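Peer 1: As input, take work-v8.cif (mmCIF, C-alpha atoms):
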data_target
#
loop_
_atom_site.label_atom_id
_atom_site.label_comp_id
_atom_site.auth_asym_id
_atom_site.auth_seq_id
_atom_site.Cartn_x
_atom_site.Cartn_y
_atom_site.Cartn_z
CA MET A 1 0.00 0.00 0.00
CA ARG A 2 1.39 3.38 -1.01
CA VAL A 3 0.05 6.28 1.01
CA ILE A 4 0.66 10.00 0.59
CA MET A 5 -0.30 12.26 3.47
CA VAL A 6 -0.40 16.04 3.23
CA GLY A 7 -0.07 17.96 6.46
CA GLY A 8 2.12 17.82 9.49
CA ASP A 9 0.32 17.87 12.80
CA LYS A 10 0.22 15.08 15.39
CA THR A 11 -2.42 13.17 13.43
CA VAL A 12 -0.10 12.89 10.46
CA TYR A 13 2.79 11.90 12.69
CA PHE A 14 0.93 9.10 14.45
CA LEU A 15 -0.77 7.87 11.29
CA ALA A 16 2.62 7.74 9.59
CA ARG A 17 4.06 5.66 12.40
CA GLN A 18 1.09 3.33 12.37
CA PHE A 19 1.22 2.87 8.60
CA MET A 20 4.99 2.33 8.69
CA SER A 21 4.56 -0.41 11.26
CA ARG A 22 2.18 -2.13 8.83
CA ASP A 23 4.85 -1.88 6.14
CA TYR A 24 2.97 0.62 4.06
CA HIS A 25 5.00 2.90 1.86
CA VAL A 26 4.41 6.34 3.40
CA THR A 27 5.24 9.74 1.94
CA ILE A 28 4.40 12.99 3.71
CA ILE A 29 4.20 16.40 2.06
CA ASN A 30 4.73 19.23 4.52
CA ARG A 31 5.17 22.93 3.88
CA GLU A 32 7.38 23.81 6.86
CA LEU A 33 11.05 22.98 6.55
CA ALA A 34 11.76 22.42 10.24
CA ARG A 35 8.68 20.25 10.67
CA SER A 36 9.51 18.28 7.51
CA LYS A 37 12.94 17.41 8.92
CA GLU A 38 11.38 16.41 12.22
CA LEU A 39 8.82 14.18 10.55
CA ALA A 40 11.47 12.52 8.41
CA GLU A 41 13.62 11.84 11.44
CA HIS A 42 10.91 10.52 13.74
CA THR A 43 8.66 8.56 11.41
CA GLY A 44 11.07 7.07 8.90
CA ALA A 45 8.67 8.11 6.16
CA THR A 46 9.82 9.89 3.02
CA VAL A 47 9.09 13.57 3.44
CA VAL A 48 8.67 16.04 0.58
CA PHE A 49 9.01 19.65 1.63
CA GLY A 50 6.51 21.96 -0.07
CA ASP A 51 2.89 22.70 -0.89
CA GLY A 52 0.81 19.53 -1.10
CA SER A 53 -1.60 21.05 -3.59
CA ASP A 54 1.26 21.73 -6.00
CA ILE A 55 1.32 19.39 -8.97
CA GLN A 56 5.10 19.05 -8.91
CA ARG A 57 5.28 18.24 -5.21
CA LEU A 58 2.63 15.54 -5.62
CA GLU A 59 4.54 14.12 -8.57
CA GLU A 60 7.76 14.04 -6.49
CA ALA A 61 5.88 12.30 -3.71
CA GLY A 62 4.99 9.53 -6.14
CA ALA A 63 1.34 10.38 -6.74
CA ARG A 64 1.35 8.40 -9.98
CA ARG A 65 1.76 5.15 -8.10
CA ALA A 66 -0.10 6.04 -4.90
CA ASP A 67 -3.08 4.02 -3.70
CA VAL A 68 -4.34 6.67 -1.32
CA VAL A 69 -3.85 10.40 -0.90
CA MET A 70 -4.95 11.83 2.45
CA ALA A 71 -5.21 15.61 2.76
CA LEU A 72 -5.09 16.42 6.45
CA THR A 73 -4.19 20.10 6.77
CA SER A 74 -6.22 22.59 8.76
CA HIS A 75 -7.16 24.44 5.56
CA ASP A 76 -10.19 23.00 3.80
CA GLN A 77 -9.39 24.70 0.50
CA ASP A 78 -5.92 23.12 0.36
CA ASN A 79 -7.33 19.70 1.18
CA LEU A 80 -9.90 20.01 -1.59
CA ILE A 81 -7.43 21.04 -4.28
CA THR A 82 -4.89 18.39 -3.23
CA CYS A 83 -7.51 15.65 -3.58
CA GLN A 84 -8.84 16.95 -6.89
CA ILE A 85 -5.38 17.16 -8.44
CA ALA A 86 -4.44 13.73 -7.09
CA GLN A 87 -7.60 12.28 -8.61
CA LYS A 88 -7.75 14.09 -11.89
CA ILE A 89 -4.10 14.47 -12.83
CA PHE A 90 -2.53 11.42 -11.23
CA GLY A 91 -5.53 9.07 -11.21
CA VAL A 92 -5.12 8.20 -7.52
CA PRO A 93 -7.93 5.69 -6.83
CA ARG A 94 -8.76 6.86 -3.30
CA THR A 95 -8.58 10.38 -1.98
CA MET A 96 -9.50 11.36 1.55
CA ALA A 97 -9.99 14.89 2.76
CA LEU A 98 -10.28 16.24 6.25
CA VAL A 99 -12.81 19.04 6.50
CA ASN A 100 -12.56 21.50 9.33
CA ASP A 101 -15.82 23.31 8.63
CA PRO A 102 -18.47 20.56 9.05
CA GLU A 103 -20.60 22.14 6.32
CA ASN A 104 -17.90 21.38 3.80
CA GLU A 105 -18.53 17.66 4.14
CA ILE A 106 -21.42 17.86 1.68
CA VAL A 107 -19.60 20.36 -0.52
CA PHE A 108 -16.58 18.09 -0.92
CA GLU A 109 -18.74 15.08 -1.69
CA LYS A 110 -20.50 17.06 -4.39
CA LEU A 111 -17.13 18.07 -5.81
CA GLY A 112 -16.14 14.42 -6.16
CA ILE A 113 -13.85 13.59 -3.23
CA SER A 114 -14.22 9.89 -2.42
CA VAL A 115 -13.97 10.06 1.37
CA VAL A 116 -14.64 13.15 3.43
CA PHE A 117 -14.44 13.23 7.19
CA SER A 118 -15.23 16.06 9.48
CA ALA A 119 -13.16 16.00 12.65
CA THR A 120 -15.43 18.59 14.22
CA LYS A 121 -18.45 16.39 13.62
CA VAL A 122 -16.83 13.16 14.75
CA ILE A 123 -15.60 14.71 18.00
CA ALA A 124 -18.89 16.49 18.63
CA SER A 125 -20.87 13.28 18.17
CA LEU A 126 -18.45 11.34 20.37
CA ILE A 127 -18.86 13.88 23.13
CA GLU A 128 -22.63 13.85 22.76
CA GLN A 129 -22.76 10.07 22.94
CA GLN A 130 -20.45 9.85 25.92
CA ALA A 131 -22.06 12.68 27.82
CA ASP A 132 -25.59 11.38 27.40
CA PHE A 133 -25.22 7.83 28.59
CA GLU A 134 -22.32 5.90 29.92
CA GLU A 135 -24.03 2.59 29.19
CA ILE A 136 -24.08 3.22 25.48
CA THR A 137 -21.05 3.34 23.25
CA MET A 138 -21.33 4.10 19.60
CA LEU A 139 -19.06 1.61 17.88
CA MET A 140 -19.31 2.76 14.30
CA PRO A 141 -21.58 4.43 11.83
CA LEU A 142 -22.14 2.51 8.57
CA ALA A 143 -23.53 3.59 5.20
CA ASN A 144 -22.82 7.27 5.83
CA GLY A 145 -24.49 7.22 9.24
CA ARG A 146 -27.73 5.57 8.08
CA VAL A 147 -26.92 2.53 10.21
CA ASN A 148 -25.29 2.60 13.64
CA VAL A 149 -23.58 -0.17 15.52
CA THR A 150 -23.86 0.42 19.25
CA ASP A 151 -22.67 -1.37 22.37
CA VAL A 152 -25.40 -1.20 25.00
CA ARG A 153 -24.69 -2.36 28.54
CA LEU A 154 -27.66 -3.26 30.73
CA ASP A 155 -27.30 -2.17 34.34
CA ALA A 156 -29.51 -3.37 37.20
CA THR A 157 -32.05 -0.59 36.65
CA ALA A 158 -32.53 -1.24 32.93
CA PRO A 159 -36.18 -1.96 32.05
CA ALA A 160 -35.13 -4.77 29.69
CA ILE A 161 -33.72 -6.98 32.46
CA GLY A 162 -35.54 -10.29 32.66
CA LYS A 163 -37.44 -9.72 29.46
CA SER A 164 -37.05 -11.69 26.26
CA LEU A 165 -36.19 -9.95 23.00
CA ALA A 166 -39.63 -10.82 21.64
CA GLU A 167 -41.28 -9.08 24.60
CA LEU A 168 -39.22 -5.94 24.06
CA GLU A 169 -40.67 -5.33 20.61
CA LEU A 170 -37.75 -3.34 19.25
CA SER A 171 -38.53 -1.38 16.11
CA ARG A 172 -38.29 -3.08 12.73
CA GLY A 173 -35.11 -1.28 11.81
CA SER A 174 -33.22 -2.60 14.84
CA LEU A 175 -31.46 -5.86 15.48
CA VAL A 176 -29.60 -7.24 18.48
CA ALA A 177 -26.80 -8.94 16.57
CA CYS A 178 -25.21 -10.59 19.57
CA ILE A 179 -24.99 -10.45 23.33
CA ILE A 180 -21.71 -10.49 25.18
CA ARG A 181 -22.40 -12.19 28.51
CA ASP A 182 -19.49 -12.89 30.89
CA ASP A 183 -17.03 -12.91 28.00
CA GLU A 184 -19.19 -15.38 26.08
CA VAL A 185 -20.85 -14.44 22.86
CA VAL A 186 -24.52 -15.39 22.71
CA VAL A 187 -26.35 -15.26 19.41
CA PRO A 188 -29.84 -14.30 20.57
CA HIS A 189 -33.27 -15.33 19.36
CA GLY A 190 -36.70 -14.05 20.33
CA GLU A 191 -36.80 -16.11 23.52
CA THR A 192 -33.40 -15.04 24.81
CA HIS A 193 -33.87 -13.29 28.17
CA LEU A 194 -31.68 -10.35 29.01
CA LEU A 195 -29.57 -10.26 32.16
CA VAL A 196 -27.76 -7.62 34.19
CA ASN A 197 -24.38 -6.68 32.69
CA ASP A 198 -25.24 -8.05 29.26
CA HIS A 199 -23.57 -6.13 26.47
CA LEU A 200 -25.87 -5.98 23.48
CA ILE A 201 -24.42 -5.25 20.08
CA LEU A 202 -27.26 -3.31 18.54
CA ILE A 203 -27.54 -2.53 14.85
CA SER A 204 -30.08 0.21 14.31
CA GLN A 205 -31.14 3.13 12.18
CA PRO A 206 -30.78 6.59 13.72
CA ASP A 207 -34.53 7.26 13.40
CA ASN A 208 -35.61 4.49 15.78
CA GLN A 209 -32.44 4.29 17.79
CA SER A 210 -33.50 6.47 20.68
CA GLU A 211 -36.85 4.75 21.32
CA ASP A 212 -35.12 1.37 21.29
CA LEU A 213 -32.51 2.62 23.72
CA VAL A 214 -35.30 3.74 26.03
CA ARG A 215 -36.85 0.25 25.87
CA LEU A 216 -33.48 -1.32 26.63
CA CYS A 217 -31.87 0.90 29.26
CA GLY A 218 -34.52 3.44 30.12
CA VAL A 219 -32.38 6.48 29.42
CA GLN A 220 -33.59 9.23 27.17
CA MET B 221 -22.90 44.38 -19.12
CA ALA B 222 -25.38 46.97 -20.23
CA ASP B 223 -28.06 45.99 -17.70
CA SER B 224 -27.57 45.97 -13.98
CA ASN B 225 -26.09 42.71 -12.77
CA TYR B 226 -25.74 41.18 -9.33
CA ILE B 227 -22.02 40.57 -8.83
CA VAL B 228 -20.20 38.93 -5.93
CA ILE B 229 -16.49 39.70 -5.57
CA VAL B 230 -14.47 37.53 -3.19
CA GLY B 231 -11.28 39.23 -2.04
CA CYS B 232 -11.00 42.98 -1.74
CA GLY B 233 -7.34 43.44 -2.61
CA ARG B 234 -6.10 45.92 -5.18
CA LEU B 235 -7.81 44.09 -8.05
CA GLY B 236 -10.98 43.31 -6.11
CA GLY B 237 -11.30 46.88 -4.90
CA MET B 238 -10.72 48.34 -8.35
CA LEU B 239 -13.23 46.03 -10.01
CA ALA B 240 -15.81 46.67 -7.30
CA ASN B 241 -15.49 50.44 -7.66
CA ARG B 242 -15.71 50.37 -11.43
CA LEU B 243 -18.56 47.89 -11.64
CA SER B 244 -20.53 49.75 -8.98
CA ALA B 245 -19.98 53.07 -10.79
CA ILE B 246 -21.65 51.76 -13.93
CA GLY B 247 -24.77 50.68 -12.09
CA ASN B 248 -24.25 47.08 -11.00
CA GLN B 249 -25.27 45.65 -7.66
CA LEU B 250 -22.13 44.57 -5.81
CA VAL B 251 -21.32 42.44 -2.79
CA VAL B 252 -17.68 42.35 -1.73
CA ILE B 253 -16.40 39.69 0.67
CA ASP B 254 -13.08 39.86 2.50
CA ARG B 255 -11.70 38.29 5.66
CA ARG B 256 -10.25 41.59 6.84
CA GLU B 257 -12.48 44.56 7.43
CA ALA B 258 -9.58 46.94 6.72
CA ALA B 259 -9.56 45.67 3.11
CA PHE B 260 -12.74 47.64 2.44
CA ASP B 261 -10.74 50.88 2.75
CA LYS B 262 -10.02 50.42 -0.95
CA LEU B 263 -13.67 50.96 -1.82
CA SER B 264 -14.46 54.48 -2.97
CA THR B 265 -17.00 56.74 -1.28
CA GLU B 266 -19.27 56.27 -4.31
CA PHE B 267 -19.29 52.49 -3.88
CA SER B 268 -22.93 51.61 -3.26
CA GLY B 269 -22.70 47.86 -2.74
CA PHE B 270 -22.52 45.64 0.34
CA ARG B 271 -19.48 44.56 2.32
CA ILE B 272 -19.29 41.22 4.13
CA THR B 273 -16.43 40.45 6.50
CA GLY B 274 -15.85 36.71 6.49
CA ASP B 275 -14.12 33.73 4.93
CA ALA B 276 -15.79 32.92 1.62
CA SER B 277 -14.68 29.30 1.79
CA GLU B 278 -17.38 28.97 4.47
CA LEU B 279 -20.68 28.11 2.84
CA ASP B 280 -22.50 30.31 5.31
CA VAL B 281 -20.64 33.43 4.18
CA LEU B 282 -21.56 32.76 0.54
CA ARG B 283 -25.17 32.29 1.62
CA GLN B 284 -25.14 35.64 3.41
CA ALA B 285 -24.03 37.18 0.13
CA HIS B 286 -27.06 35.60 -1.62
CA THR B 287 -24.70 33.91 -4.03
CA ASP B 288 -27.57 31.84 -5.42
CA GLN B 289 -28.96 35.03 -6.97
CA ALA B 290 -25.66 36.25 -8.44
CA ASP B 291 -25.12 36.68 -12.17
CA TYR B 292 -21.35 36.80 -11.73
CA LEU B 293 -18.85 35.72 -9.10
CA PHE B 294 -15.18 36.67 -9.21
CA ALA B 295 -12.88 34.76 -6.85
CA ILE B 296 -9.80 36.96 -6.53
CA THR B 297 -8.27 36.47 -3.10
CA THR B 298 -4.50 36.09 -2.88
CA GLN B 299 -4.81 32.33 -2.38
CA ASP B 300 -5.21 30.12 -5.45
CA ASN B 301 -6.85 27.29 -3.56
CA VAL B 302 -9.42 29.54 -1.91
CA ASN B 303 -10.30 30.94 -5.33
CA LEU B 304 -10.60 27.51 -6.91
CA MET B 305 -12.74 26.19 -4.07
CA VAL B 306 -15.04 29.21 -3.99
CA ALA B 307 -15.39 29.14 -7.79
CA GLN B 308 -16.41 25.48 -7.76
CA ILE B 309 -18.92 26.03 -4.96
CA ALA B 310 -20.40 29.01 -6.82
CA ARG B 311 -20.73 26.98 -10.04
CA LYS B 312 -21.88 23.66 -8.68
CA ILE B 313 -23.79 24.50 -5.52
CA PHE B 314 -25.14 27.99 -6.11
CA ASP B 315 -25.49 27.66 -9.91
CA VAL B 316 -23.93 31.03 -10.64
CA PRO B 317 -23.93 31.34 -14.46
CA LYS B 318 -20.56 33.06 -14.81
CA VAL B 319 -17.68 32.41 -12.41
CA ILE B 320 -14.05 33.38 -12.80
CA ALA B 321 -11.17 32.46 -10.49
CA ARG B 322 -7.78 34.13 -10.35
CA VAL B 323 -5.01 31.52 -10.20
CA TYR B 324 -1.37 32.57 -9.93
CA ASP B 325 0.10 29.09 -10.52
CA PRO B 326 -0.03 28.60 -14.32
CA ALA B 327 -0.02 24.79 -14.04
CA ARG B 328 -2.99 24.78 -11.70
CA GLU B 329 -4.72 27.36 -13.88
CA THR B 330 -4.50 25.13 -16.96
CA ILE B 331 -5.85 22.10 -15.12
CA TYR B 332 -8.88 23.84 -13.69
CA ARG B 333 -9.67 25.51 -16.99
CA GLU B 334 -9.77 22.02 -18.49
CA PHE B 335 -12.18 21.00 -15.72
CA GLY B 336 -14.54 23.76 -16.80
CA ILE B 337 -13.72 26.44 -14.23
CA GLU B 338 -12.93 29.74 -15.90
CA THR B 339 -9.60 31.03 -14.72
CA ILE B 340 -7.30 33.97 -15.20
CA SER B 341 -3.60 33.64 -14.45
CA PRO B 342 -1.89 36.99 -13.78
CA THR B 343 1.46 35.22 -14.05
CA LYS B 344 0.70 34.03 -17.56
CA LEU B 345 -0.81 37.36 -18.61
CA SER B 346 2.24 39.30 -17.39
CA ALA B 347 4.63 36.86 -19.05
CA GLU B 348 2.76 37.28 -22.32
CA ALA B 349 2.83 41.08 -22.00
CA PHE B 350 6.60 41.01 -21.44
CA MET B 351 7.09 38.69 -24.40
CA VAL B 352 5.10 41.01 -26.64
CA GLN B 353 7.24 43.96 -25.54
CA ILE B 354 10.43 42.08 -26.27
CA GLN B 355 9.19 40.95 -29.65
CA THR B 356 8.06 44.42 -30.72
CA SER B 357 11.30 46.07 -29.62
CA SER B 358 13.43 43.42 -31.33
CA ASN B 359 11.34 43.83 -34.47
CA LYS B 360 12.01 47.57 -34.36
CA LYS B 361 15.73 46.95 -34.05
CA LYS B 362 15.61 44.70 -37.06
CA GLY B 363 13.62 47.36 -38.88
CA THR B 364 16.20 50.09 -38.26
CA ALA B 365 19.17 47.84 -39.00
#
So that I can check it, write out the structure of this file as structure tokens.
Peer 2:
Amino acid sequence: MRVIMVGGDKTVYFLARQFMSRDYHVTIINRELARSKELAEHTGATVVFGDGSDIQRLEEAGARRADVVMALTSHDQDNLITCQIAQKIFGVPRTMALVNDPENEIVFEKLGISVVFSATKVIASLIEQQADFEEITMLMPLANGRVNVTDVRLDATAPAIGKSLAELELSRGSLVACIIRDDEVVVPHGETHLLVNDHLILISQPDNQSEDLVRLCGVQ
Amino acid sequence: MADSNYIVIVGCGRLGGMLANRLSAIGNQLVVIDRREAAFDKLSTEFSGFRITGDASELDVLRQAHTDQADYLFAITTQDNVNLMVAQIARKIFDVPKVIARVYDPARETIYREFGIETISPTKLSAEAFMVQIQTSSNKKKGTA
């Protein structure tokens, strides 16, 4: 796997180290000389010093053979142009852009960037999830957030304790995929009764998620 | 531009200011956007348009400028990438019929022109102007010799 990353903050540094440990071929483009030297020294990645939205710098970084270009600077406009040039000039199959302004997520998708992620949005939603209920951990959003995978722990006060899944009548869009009970994985059916400290892996759609969570753990 | 047009100018530098003043003077409706309020000092006292202080790469700022109603948008900040991003948003999201971006880097300018974004490269224009000067003066020399 050949990865080009544009940027130079901690995210880039740690991603580079992680990718290097998986034997990926990593090249970083960074526009500050001192930081470029530092990154080269501490990550072992190849570092190209310069503007990551510049055609020549991308060429030097090996964009023609890259599998992924990740634009991770704090400037949305630079991330957009980097990805567009990587795609259109060098035919890079996958381009990923960080957007700082959450509104730009839709804009970038409309302008043809394959993967767009908004750090602001991810962090905000993590904080919301964590702050609302400790029993519920969002594991991952799928299909652009239309499906959520959630880990729901049942404490002693949860209304679902002692009930079977059939009795709970979760909405049609929701499914308890498995139950983790004392380190064992239970594949549930309608007659499976729920116990204290069960971890349910719940697959649900955002629309019905909150009512199902109320049925399971009683929190709003 | 005989009739009055609604024109959004992004970037009130020397070029932005000059264009805004001239276009306003001949009866167009202008909105000028710049990140720095001090930039609007370049607008003349006769300038009758609106000023918006903000970053035009934020969708919200372009909305405030009613970009969806614009006949023209000129993206002429000092940053190529801002201009290219704003121009694409104006074309593809706000459906502005005529959009032009200033792009200093000639290589980037060529690429985006091929993608259908109208661009002007001051670098290229100046280079051409210098070349013309050199050619005419060397022709004169030949003529006198």
Peer 1: Write out as a tab-separated table a residue-level contact list of stretch 262-294 of chain B versus stretch 97-119 of chain A with cut-off 12 Å: for each qualifying residue the closest pair of atoms and the distance in Å to one decimal, counting all atoms listed in the file, rows sorted by chain and residue number upward.
Peer 2:
residue	atom	partner	partner_atom	distance
B:Asp275	CA	A:Asp101	CA	11.2
B:Ala276	CA	A:Asp101	CA	11.9
B:Ser277	CA	A:Asn104	CA	8.8
B:Glu278	CA	A:Asp101	CA	7.2
B:Leu279	CA	A:Glu103	CA	6.9
B:Asp280	CA	A:Glu103	CA	8.4
B:Val281	CA	A:Glu103	CA	11.5
Peer 1: Choose the residue, out of A:Asp54, A:Glu211, A:Asp182, A:Glu135, that has the smallest atom-to-atom separation from chain B; count all atoms listed in the file.
Peer 2: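 Nearest candidate to chain B out of A:Asp54, A:Glu211, A:Asp182, A:Glu135: A:Asp54.
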Peer 1: What is the distance, in Å and to one decimal place, between atom CA of B:Glu266 and atom CA of B:Val252?
Peer 2: 14.2 Å
Peer 1: Measuring between only C-alpha atoms, which one of B:Gln249, B:Gln353, B:Gln308, B:Gln284 shows the shortest distance to B:Arg333?
Peer 2: B:Gln308
Peer 1: Go through chain B and flag each residue having an atom no more than 10 Å from chain A; for those, report the closest pair of atoms plus their distance in Å to one decimal, using only C-alpha atoms, ordered by chain and rising number, as CSV.
Peer 2:
residue,atom,partner,partner_atom,distance
B:Ser277,CA,A:Gln77,CA,7.1
B:Glu278,CA,A:Asp101,CA,7.2
B:Leu279,CA,A:Glu103,CA,6.9
B:Asp280,CA,A:Glu103,CA,8.4
B:Gln299,CA,A:Gln77,CA,9.4
B:Asp300,CA,A:Gln77,CA,9.1
B:Asn301,CA,A:Gln77,CA,5.4
B:Val302,CA,A:Gln77,CA,5.4
B:Asn303,CA,A:Gln77,CA,8.6
B:Leu304,CA,A:Ile81,CA,7.7
B:Met305,CA,A:Gln77,CA,5.9
B:Val306,CA,A:Gln77,CA,8.5
B:Gln308,CA,A:Leu111,CA,7.7
B:Ile309,CA,A:Val107,CA,7.2
B:Lys312,CA,A:Leu111,CA,7.9
B:Ile313,CA,A:Val107,CA,7.7
B:Asp325,CA,A:Asp54,CA,8.7
B:Ala327,CA,A:Ile55,CA,7.5
B:Arg328,CA,A:Ile55,CA,7.4
B:Ile331,CA,A:Ile89,CA,8.2
B:Tyr332,CA,A:Ile85,CA,9.2
B:Phe335,CA,A:Lys88,CA,9.1
Peer 1: What does the distance from atom CA of A:Leu195 to atom CA of A:Val152 come to in Å, to one decimal?
Peer 2: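 Atom-to-atom, atom CA of A:Leu195 and atom CA of A:Val152 are spaced 12.3 Å apart.
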Peer 1: Would you translate the PyMOL selection byres ((chain B and resi 285) around 9) into the concrete set of residues it matches in this file, as a list in words?
Peer 2: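 This file gives the following for the PyMOL selection byres ((chain B and resi 285) around 9): Val228, Val251, Val252, Ile253, Phe270, Arg271, Ile272, Asp280, Val281, Leu282, Arg283, Gln284, His286, Thr287, Asp288, Gln289 and Ala290 of chain B.
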Peer 1: Give me the residues near A:Val214 as a PDB file with C-alpha atoms, in the frame of the given file, where near means some atom within 12 Å (using all atoms listed in the file) and where sequence neighbours in that chain fewer than 4 positions away do not count.
Peer 2:
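Generated file (around-v6.pdb):
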ATOM      1  CA  PHE A 133     -25.220   7.830  28.590  1.00  0.00           C
ATOM      2  CA  GLU A 135     -24.030   2.590  29.190  1.00  0.00           C
ATOM      3  CA  ILE A 136     -24.080   3.220  25.480  1.00  0.00           C
ATOM      4  CA  VAL A 152     -25.400  -1.200  25.000  1.00  0.00           C
ATOM      5  CA  LEU A 154     -27.660  -3.260  30.730  1.00  0.00           C
ATOM      6  CA  THR A 157     -32.050  -0.590  36.650  1.00  0.00           C
ATOM      7  CA  ALA A 158     -32.530  -1.240  32.930  1.00  0.00           C
ATOM      8  CA  PRO A 159     -36.180  -1.960  32.050  1.00  0.00           C
ATOM      9  CA  ALA A 160     -35.130  -4.770  29.690  1.00  0.00           C
ATOM     10  CA  LEU A 168     -39.220  -5.940  24.060  1.00  0.00           C
ATOM     11  CA  GLU A 169     -40.670  -5.330  20.610  1.00  0.00           C
ATOM     12  CA  LEU A 170     -37.750  -3.340  19.250  1.00  0.00           C
ATOM     13  CA  SER A 171     -38.530  -1.380  16.110  1.00  0.00           C
ATOM     14  CA  ASN A 208     -35.610   4.490  15.780  1.00  0.00           C
ATOM     15  CA  GLN A 209     -32.440   4.290  17.790  1.00  0.00           C
ATOM     16  CA  SER A 210     -33.500   6.470  20.680  1.00  0.00           C
ATOM     17  CA  GLY A 218     -34.520   3.440  30.120  1.00  0.00           C
ATOM     18  CA  VAL A 219     -32.380   6.480  29.420  1.00  0.00           C
ATOM     19  CA  GLN A 220     -33.590   9.230  27.170  1.00  0.00           C
TER      20      GLN A 220
END
Peer 1: Take atom CA of B:Ala295 and atom CA of B:Phe267 and report the distance between them in Å, one decimal.
Peer 2: 19.1 Å
Peer 1: Could you expand the PyMOL selection byres ((chain A and resi 187-192) around 6) into the explicit residues it covers here, written as a compact mmCIF listing (two decimals) with C-alpha atoms, in the coordinates of the input?
Peer 2:
# COMPACT_ATOMS: atom_id res chain seq x y z
CA SER A 164 -37.05 -11.69 26.26
CA LEU A 165 -36.19 -9.95 23.00
CA ALA A 166 -39.63 -10.82 21.64
CA CYS A 178 -25.21 -10.59 19.57
CA VAL A 186 -24.52 -15.39 22.71
CA HIS A 193 -33.87 -13.29 28.17
Peer 1: Please list as an MDAnalysis selection string every residue within 12 Å of stretch 29-40 of chain A, counting all atoms listed in the file and excluding residues in the same chain fewer than 2 positions away.
Peer 2: chainID A and resid 3:17 26:27 42:63 69:73 78 82
Peer 1: Report as a count of residues only the full result of the PyMOL selection byres ((chain A and resi 65) around 9) when it is applied to this structure.
Peer 2: 9
Peer 1: Please provide as a PyMOL selection string all residues within 7 Å of B:Thr339, with the sequence filter that same-chain residues fewer than 2 positions apart are discarded (counting only C-alpha atoms).
Peer 2: chain B and resi 320-323+329+333+337+341
Peer 1: Smallest atom-to-atom distance to A:Thr150: which of A:Cys83, A:Ile203, A:Met1, A:Ala124, using all atoms listed in the file?
Peer 2: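 Checking each of A:Cys83, A:Ile203, A:Met1, A:Ala124 against A:Thr150, counting all atoms listed in the file, the winner is A:Ile203.
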